[in-house]
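Q: Data: target.pdb, PDB, C-alpha atoms.
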ATOM      1  CA  MET W   1    -118.052 235.617 131.100
ATOM      2  CA  ARG W   2    -116.806 238.930 129.644
ATOM      3  CA  ALA W   3    -120.044 240.623 130.670
ATOM      4  CA  LEU W   4    -119.621 239.315 134.227
ATOM      5  CA  ARG W   5    -116.033 240.529 134.349
ATOM      6  CA  PHE W   6    -117.104 243.953 133.060
ATOM      7  CA  LEU W   7    -119.817 244.183 135.723
ATOM      8  CA  LEU W   8    -117.431 243.151 138.497
ATOM      9  CA  ASP W   9    -114.878 245.734 137.352
ATOM     10  CA  LEU W  10    -117.562 248.405 137.528
ATOM     11  CA  LEU W  11    -118.645 247.399 141.024
ATOM     12  CA  TYR W  12    -115.176 246.527 142.353
ATOM     13  CA  PRO W  13    -112.588 248.216 140.132
ATOM     14  CA  PRO W  14    -109.215 246.441 140.335
ATOM     15  CA  LYS W  15    -106.612 248.292 142.352
ATOM     16  CA  CYS W  16    -102.849 248.131 142.516
ATOM     17  CA  PRO W  17    -101.958 246.037 145.589
ATOM     18  CA  PHE W  18     -98.948 248.253 146.327
ATOM     19  CA  CYS W  19    -100.353 251.799 146.199
ATOM     20  CA  GLY W  20    -104.095 251.119 146.232
ATOM     21  CA  ARG W  21    -104.782 253.194 143.097
ATOM     22  CA  VAL W  22    -107.509 252.022 140.707
ATOM     23  CA  LEU W  23    -105.830 250.486 137.675
ATOM     24  CA  GLU W  24    -106.141 252.284 134.371
ATOM     25  CA  ARG W  25    -106.992 250.684 131.050
ATOM     26  CA  GLY W  26    -104.085 248.494 129.943
ATOM     27  CA  GLU W  27    -102.734 248.028 133.472
ATOM     28  CA  GLU W  28    -103.107 244.515 134.840
ATOM     29  CA  GLY W  29    -102.192 243.300 138.302
ATOM     30  CA  TRP W  30    -100.337 246.457 139.305
ATOM     31  CA  CYS W  31     -99.934 250.030 138.126
ATOM     32  CA  ALA W  32     -97.168 251.161 135.795
ATOM     33  CA  SER W  33     -95.683 253.481 138.414
ATOM     34  CA  CYS W  34     -95.239 250.743 141.014
ATOM     35  CA  GLN W  35     -93.913 248.323 138.433
ATOM     36  CA  GLU W  36     -91.128 250.792 137.724
ATOM     37  CA  ASP W  37     -90.384 251.950 141.261
ATOM     38  CA  LEU W  38     -90.618 248.775 143.379
ATOM     39  CA  PRO W  39     -87.524 247.975 145.499
ATOM     40  CA  TRP W  40     -86.209 244.866 143.734
ATOM     41  CA  VAL W  41     -83.678 242.631 145.456
ATOM     42  CA  GLY W  42     -80.585 242.291 143.269
ATOM     43  CA  PRO W  43     -79.693 238.869 141.796
ATOM     44  CA  GLY W  44     -76.556 238.610 143.943
ATOM     45  CA  GLU W  45     -78.255 239.633 147.198
ATOM     46  CA  ILE W  46     -79.212 236.130 148.328
ATOM     47  CA  ARG W  47     -79.994 235.845 152.031
ATOM     48  CA  THR W  48     -78.529 233.119 154.220
ATOM     49  CA  VAL W  49     -80.823 231.365 156.706
ATOM     50  CA  ASP W  50     -79.891 228.507 159.038
ATOM     51  CA  PHE W  51     -80.807 225.059 157.634
ATOM     52  CA  CYS W  52     -81.651 226.604 154.234
ATOM     53  CA  ASP W  53     -79.374 226.325 151.232
ATOM     54  CA  ALA W  54     -80.464 229.845 150.266
ATOM     55  CA  CYS W  55     -83.339 232.248 150.783
ATOM     56  CA  LEU W  56     -84.687 234.021 147.694
ATOM     57  CA  SER W  57     -86.965 237.066 147.564
ATOM     58  CA  PRO W  58     -87.907 239.321 144.635
ATOM     59  CA  LEU W  59     -88.541 242.475 146.706
ATOM     60  CA  TRP W  60     -87.381 244.412 149.743
ATOM     61  CA  TYR W  61     -89.983 244.778 152.477
ATOM     62  CA  ARG W  62     -90.573 248.524 152.553
ATOM     63  CA  ASP W  63     -92.851 251.281 151.252
ATOM     64  CA  GLY W  64     -95.504 249.955 148.864
ATOM     65  CA  VAL W  65     -94.346 246.369 149.297
ATOM     66  CA  ARG W  66     -95.030 246.573 153.033
ATOM     67  CA  GLU W  67     -98.423 248.183 152.392
ATOM     68  CA  GLY W  68     -99.306 245.561 149.796
ATOM     69  CA  MET W  69     -98.428 242.729 152.167
ATOM     70  CA  HIS W  70    -100.575 244.291 154.902
ATOM     71  CA  ARG W  71    -103.503 244.455 152.485
ATOM     72  CA  TYR W  72    -102.913 240.838 151.562
ATOM     73  CA  LYS W  73    -102.619 239.479 155.110
ATOM     74  CA  PHE W  74    -104.869 241.745 157.142
ATOM     75  CA  GLY W  75    -107.151 243.477 154.638
ATOM     76  CA  GLY W  76    -108.773 240.436 153.081
ATOM     77  CA  GLY W  77    -106.832 240.885 149.850
ATOM     78  CA  ARG W  78    -106.329 237.190 149.173
ATOM     79  CA  GLY W  79    -106.505 237.842 145.429
ATOM     80  CA  HIS W  80    -103.104 239.551 145.654
ATOM     81  CA  ALA W  81    -101.593 236.061 145.861
ATOM     82  CA  GLN W  82    -101.941 235.834 142.076
ATOM     83  CA  LEU W  83     -99.498 238.681 141.403
ATOM     84  CA  PHE W  84     -97.275 238.107 144.436
ATOM     85  CA  GLY W  85     -96.926 234.419 143.556
ATOM     86  CA  LEU W  86     -96.066 235.328 139.967
ATOM     87  CA  LEU W  87     -93.163 237.509 141.125
ATOM     88  CA  MET W  88     -91.971 234.741 143.434
ATOM     89  CA  ALA W  89     -92.154 232.132 140.663
ATOM     90  CA  GLN W  90     -90.099 234.367 138.393
ATOM     91  CA  CYS W  91     -87.547 234.858 141.164
ATOM     92  CA  LEU W  92     -87.291 231.106 141.703
ATOM     93  CA  GLN W  93     -86.875 230.438 137.993
ATOM     94  CA  ASP W  94     -84.217 233.125 137.564
ATOM     95  CA  ARG W  95     -82.145 232.453 140.691
ATOM     96  CA  TRP W  96     -82.470 228.788 141.666
ATOM     97  CA  GLU W  97     -80.889 226.268 139.324
ATOM     98  CA  ASP W  98     -81.034 223.151 141.514
ATOM     99  CA  PRO W  99     -83.753 220.526 140.949
ATOM    100  CA  VAL W 100     -86.943 220.832 143.028
ATOM    101  CA  ASP W 101     -89.182 217.923 144.027
ATOM    102  CA  LEU W 102     -91.896 219.836 145.825
ATOM    103  CA  ILE W 103     -93.006 223.178 147.197
ATOM    104  CA  THR W 104     -94.354 223.567 150.716
ATOM    105  CA  TRP W 105     -95.099 226.478 153.040
ATOM    106  CA  VAL W 106     -94.799 227.823 156.568
ATOM    107  CA  PRO W 107     -98.285 227.135 157.999
ATOM    108  CA  LEU W 108    -100.430 229.293 160.233
ATOM    109  CA  HIS W 109    -101.680 227.956 163.531
ATOM    110  CA  PRO W 110    -105.232 226.559 163.018
ATOM    111  CA  LYS W 111    -106.741 229.265 165.241
ATOM    112  CA  ARG W 112    -105.057 232.051 163.267
ATOM    113  CA  ARG W 113    -106.123 230.488 159.991
ATOM    114  CA  ARG W 114    -109.754 230.351 161.110
ATOM    115  CA  GLU W 115    -109.617 234.003 162.103
ATOM    116  CA  ARG W 116    -108.069 235.115 158.798
ATOM    117  CA  GLY W 117    -110.016 232.754 156.578
ATOM    118  CA  TYR W 118    -106.969 231.656 154.599
ATOM    119  CA  ASP W 119    -103.283 230.875 154.985
ATOM    120  CA  GLN W 120    -101.355 233.532 153.071
ATOM    121  CA  ALA W 121     -98.217 231.404 152.659
ATOM    122  CA  GLU W 122    -100.230 228.459 151.342
ATOM    123  CA  LEU W 123    -101.875 230.612 148.668
ATOM    124  CA  LEU W 124     -98.454 231.890 147.590
ATOM    125  CA  ALA W 125     -97.006 228.366 147.506
ATOM    126  CA  ARG W 126     -99.886 227.047 145.404
ATOM    127  CA  ARG W 127     -99.561 229.918 142.950
ATOM    128  CA  VAL W 128     -95.801 229.371 142.624
ATOM    129  CA  GLY W 129     -96.332 225.647 142.096
ATOM    130  CA  GLU W 130     -98.987 226.299 139.456
ATOM    131  CA  LEU W 131     -96.730 228.631 137.487
ATOM    132  CA  ALA W 132     -93.565 226.567 137.908
ATOM    133  CA  GLY W 133     -95.254 223.247 137.188
ATOM    134  CA  LEU W 134     -94.138 221.803 140.527
ATOM    135  CA  SER W 135     -95.934 219.661 143.099
ATOM    136  CA  VAL W 136     -97.241 221.545 146.135
ATOM    137  CA  GLU W 137     -97.624 219.540 149.342
ATOM    138  CA  ASN W 138     -98.609 220.291 152.918
ATOM    139  CA  THR W 139     -95.689 218.986 154.989
ATOM    140  CA  LEU W 140     -95.733 221.043 158.195
ATOM    141  CA  GLU W 141     -98.093 221.932 161.001
ATOM    142  CA  LYS W 142     -97.877 224.628 163.627
ATOM    143  CA  VAL W 143     -98.425 222.925 166.942
ATOM    144  CA  ARG W 144     -98.030 225.876 169.266
ATOM    145  CA  ALA W 145     -99.636 229.302 169.000
ATOM    146  CA  THR W 146     -97.007 232.036 169.118
ATOM    147  CA  ALA W 147     -96.895 235.792 169.396
ATOM    148  CA  VAL W 148     -96.813 237.625 166.068
ATOM    149  CA  GLN W 149     -93.189 237.814 164.956
ATOM    150  CA  SER W 150     -93.549 241.339 163.565
ATOM    151  CA  GLY W 151     -94.225 242.547 167.094
ATOM    152  CA  ILE W 152     -90.870 241.234 168.363
ATOM    153  CA  SER W 153     -87.741 243.225 167.534
ATOM    154  CA  GLU W 154     -84.833 241.246 168.994
ATOM    155  CA  GLU W 155     -83.527 238.301 166.982
ATOM    156  CA  GLU W 156     -83.029 235.995 169.967
ATOM    157  CA  ALA W 157     -86.562 236.691 171.166
ATOM    158  CA  ARG W 158     -87.893 235.883 167.708
ATOM    159  CA  ARG W 159     -86.054 232.567 167.716
ATOM    160  CA  ALA W 160     -87.342 231.706 171.173
ATOM    161  CA  ASN W 161     -90.875 232.610 170.094
ATOM    162  CA  VAL W 162     -90.966 229.969 167.311
ATOM    163  CA  GLU W 163     -88.815 227.292 168.941
ATOM    164  CA  ASP W 164     -90.529 223.897 168.650
ATOM    165  CA  ALA W 165     -93.630 225.570 167.197
ATOM    166  CA  TYR W 166     -93.529 223.575 163.940
ATOM    167  CA  ARG W 167     -93.239 219.907 163.086
ATOM    168  CA  VAL W 168     -93.485 217.712 160.027
ATOM    169  CA  LEU W 169     -96.857 216.005 159.668
ATOM    170  CA  PRO W 170     -96.799 212.629 161.484
ATOM    171  CA  GLY W 171     -95.723 209.714 159.315
ATOM    172  CA  LEU W 172     -94.449 211.884 156.465
ATOM    173  CA  ASP W 173     -91.155 210.684 154.959
ATOM    174  CA  LEU W 174     -89.191 213.356 153.095
ATOM    175  CA  THR W 175     -86.026 211.312 152.556
ATOM    176  CA  GLY W 176     -84.042 212.713 149.645
ATOM    177  CA  LYS W 177     -86.613 215.394 148.776
ATOM    178  CA  ARG W 178     -85.418 218.738 147.421
ATOM    179  CA  ILE W 179     -87.832 221.292 148.817
ATOM    180  CA  VAL W 180     -88.732 224.945 148.310
ATOM    181  CA  LEU W 181     -90.167 226.406 151.529
ATOM    182  CA  VAL W 182     -92.481 229.395 150.988
ATOM    183  CA  ASP W 183     -93.351 232.203 153.397
ATOM    184  CA  ASP W 184     -94.520 235.787 152.969
ATOM    185  CA  VAL W 185     -91.649 237.830 154.483
ATOM    186  CA  VAL W 186     -88.228 236.959 155.893
ATOM    187  CA  THR W 187     -86.810 239.206 158.609
ATOM    188  CA  THR W 188     -84.370 237.459 160.952
ATOM    189  CA  GLY W 189     -85.053 234.088 159.326
ATOM    190  CA  ALA W 190     -86.098 232.503 162.638
ATOM    191  CA  THR W 191     -89.356 231.024 161.336
ATOM    192  CA  LEU W 192     -87.872 229.718 158.088
ATOM    193  CA  SER W 193     -84.950 228.245 160.005
ATOM    194  CA  GLU W 194     -87.224 226.411 162.445
ATOM    195  CA  CYS W 195     -89.306 224.940 159.608
ATOM    196  CA  ALA W 196     -86.278 224.054 157.485
ATOM    197  CA  ALA W 197     -84.710 222.230 160.434
ATOM    198  CA  ALA W 198     -87.869 220.140 160.839
ATOM    199  CA  LEU W 199     -87.869 219.284 157.115
ATOM    200  CA  ARG W 200     -84.227 218.214 157.241
ATOM    201  CA  GLN W 201     -84.850 216.072 160.311
ATOM    202  CA  ALA W 202     -87.519 214.292 158.260
ATOM    203  CA  GLY W 203     -84.933 213.496 155.583
ATOM    204  CA  ALA W 204     -85.052 216.412 153.157
ATOM    205  CA  ALA W 205     -81.901 216.586 151.046
ATOM    206  CA  SER W 206     -82.125 220.347 150.501
ATOM    207  CA  VAL W 207     -84.336 223.266 151.497
ATOM    208  CA  ALA W 208     -84.468 226.600 149.701
ATOM    209  CA  GLY W 209     -86.473 229.417 151.273
ATOM    210  CA  LEU W 210     -88.641 231.556 149.001
ATOM    211  CA  THR W 211     -90.448 234.642 150.290
ATOM    212  CA  PHE W 212     -92.282 237.498 148.630
ATOM    213  CA  ALA W 213     -90.210 240.117 150.440
ATOM    214  CA  ARG W 214     -87.116 240.484 152.549
ATOM    215  CA  ALA W 215     -86.663 242.893 155.455
ATOM    216  CA  ARG W 216     -83.271 244.494 155.854
TER
END
Rewrite the coordinates I just gave you, this time as structure tokens.
A:
Amino acid sequence: MRALRFLLDLLYPPKCPFCGRVLERGEEGWCASCQEDLPWVGPGEIRTVDFCDACLSPLWYRDGVREGMHRYKFGGGRGHAQLFGLLMAQCLQDRWEDPVDLITWVPLHPKRRRERGYDQAELLARRVGELAGLSVENTLEKVRATAVQSGISEEEARRANVEDAYRVLPGLDLTGKRIVLVDDVVTTGATLSECAAALRQAGAASVAGLTFARAR
């Protein structure tokens, strides 16, 4: 196994997901420079989102964080979910004291998932659940293809774009469940709000949003 890992590192040297630099000996997951300079969201800077009790994020969505997310979503860097999910799990542990019954995620439309080959929010949710020792369940489906939210600037247009685009899986009863809802980035909160509303309509007692990054 060590020999295989050594060979893979020679052929595909691990790189920092934020700056793209090849990691040096002793660096794991990310480089020392990025670890020191990343734009961390302060403990008291908790975002409010409609239908969510809170929305937590470890990082601000800018500079290397933005570049790292683009590599993860559009550059085939699905392995970045390991580090990104770790930072999210730490954020959840440090800043959310309420009990949690399950973790779920904001799903991609099936067509978009086929094109990308994976659902980036699902990978993050599963990594967070693994590290936090919490159940991870698929609770939502995207029933209407929408325009990419990042291409829409106005908040009202973003809300209209995702209206009625998500629903809880048919027959699923979430009565009394305390849920953490995972997504990659929160900007206006329109997508998280739409999904959280659907979860509450299905009986969820609480919904806390958890994203890797937060746009100002």
Q: For the structure shown, which residues end up in the PyMOL selection byres ((chain W and resi 84-91) around 7)? Put them as a ChimeraX atom specification, please?
A: /W:57-58,80-83,92-95,124,127-128,131-132,212
Q: In Å, how far is it from CA of Ala196 (chain W) to CA of Gly44 (chain W)?
A: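 Calculated distance between CA of Ala196 (chain W) and CA of Gly44 (chain W) is 22.1 Å.
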Q: Where does region 27-115 of chain W meet region 135-152 of chain W within 10 Å, residue by residue, with the nearest atom pair and distance in Å to one decimal for each, counting only C-alpha atoms, listed by chain and rising number, as CSV?
A:
residue,atom,partner,partner_atom,distance
W:Val100,CA,W:Ser135,CA,9.1
W:Asp101,CA,W:Ser135,CA,7.0
W:Leu102,CA,W:Ser135,CA,4.9
W:Ile103,CA,W:Val136,CA,4.7
W:Thr104,CA,W:Glu137,CA,5.4
W:Trp105,CA,W:Asn138,CA,7.1
W:Val106,CA,W:Leu140,CA,7.0
W:Pro107,CA,W:Glu141,CA,6.0
W:Leu108,CA,W:Lys142,CA,6.3
W:His109,CA,W:Lys142,CA,5.1
W:Pro110,CA,W:Lys142,CA,7.6
W:Lys111,CA,W:Ala145,CA,8.0
W:Arg112,CA,W:Ala145,CA,8.4
Q: Check what the PyMOL selection byres ((chain W and resi 175-180) around 7) selects in the file above and give those residues as number ranges by chain.
A: W: 99-104, 173-174, 181-182, 202-210
Q: For CA of Pro17 (chain W) and CA of Leu38 (chain W), determine how far apart the two atoms are, in Å to one decimal place.
A: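 Those two atoms sit 11.9 Å apart.
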Q: Show which residues sit within 7 Å of Ile46 (chain W), as a list in words. Count all atoms listed in the file, and ignore same-chain residues fewer than 5 positions away.
A: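 Using all atoms listed in the file, the neighbours found are Ala54, Cys55 and Leu56 of chain W.
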Q: Using only C-alpha atoms, which of the listed residues (W:Arg116, W:Ala121, W:Gly171, W:Ala190) sits closest to Ser153 (chain W)?
A: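 Comparing W:Arg116, W:Ala121, W:Gly171, W:Ala190 against Ser153 (chain W), the winner is W:Ala190.
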Q: Hey, can you check how far CA of Gly68 (chain W) sits from CA of Arg25 (chain W)?
A: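 Taking CA of Gly68 (chain W) as the start and CA of Arg25 (chain W) as the end point, the length is 20.9 Å.
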Q: Name the residues that the PyMOL selection byres ((chain W and resi 193) around 9) picks from the file above, as a compact mmCIF listing (two decimals) with C-alpha atoms, keeping the file's coordinate frame, using the file's chain letters and numbers.
A:
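And here's result32.txt as it stands now:
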# COMPACT_ATOMS: atom_id res chain seq x y z
CA VAL W 49 -80.82 231.36 156.71
CA ASP W 50 -79.89 228.51 159.04
CA PHE W 51 -80.81 225.06 157.63
CA CYS W 52 -81.65 226.60 154.23
CA ARG W 159 -86.05 232.57 167.72
CA GLY W 189 -85.05 234.09 159.33
CA ALA W 190 -86.10 232.50 162.64
CA THR W 191 -89.36 231.02 161.34
CA LEU W 192 -87.87 229.72 158.09
CA GLU W 194 -87.22 226.41 162.44
CA CYS W 195 -89.31 224.94 159.61
CA ALA W 196 -86.28 224.05 157.49
CA ALA W 197 -84.71 222.23 160.43
CA ALA W 198 -87.87 220.14 160.84
CA GLY W 209 -86.47 229.42 151.27
Q: For Gly79 (chain W), which residue out of W:Gly42, W:Gly133, W:Gly29, W:Pro13 is the nearest one, using all atoms listed in the file?
A: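 The answer is W:Gly29, which sits nearest to Gly79 (chain W).
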Q: Nearest residue to Arg216 (chain W) out of W:Phe74, W:Pro39, W:Arg113, W:Asp53, using all atoms listed in the file?
A: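 Going through W:Phe74, W:Pro39, W:Arg113, W:Asp53 one by one, the smallest distance to Arg216 (chain W) is for W:Pro39.
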Q: Nearest residue to Tyr118 (chain W) out of W:Arg66, W:Tyr72, W:Val41, W:Ser33, using only C-alpha atoms?
A: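 Of W:Arg66, W:Tyr72, W:Val41, W:Ser33, the one nearest Tyr118 (chain W), counting only C-alpha atoms, is W:Tyr72.
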Q: Please determine, counting all atoms listed in the file, which residue among W:Tyr166, W:Glu115, W:Met69, W:Asp98 has the shortest atom-to-atom distance to Thr211 (chain W).
A: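 Checking each of W:Tyr166, W:Glu115, W:Met69, W:Asp98 against Thr211 (chain W), counting all atoms listed in the file, the winner is W:Met69.
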Q: Once you add 6 Å to each side, what are the centre and edge lengths of the axis-aligned box holding all listed atoms of region 172-189 of chain W? One decimal in Å, as AutoDock Vina command-line options, if you can.
A:
--center_x -89.3 --center_y 224.9 --center_z 154.2 --size_x 22.5 --size_y 40.5 --size_z 25.5
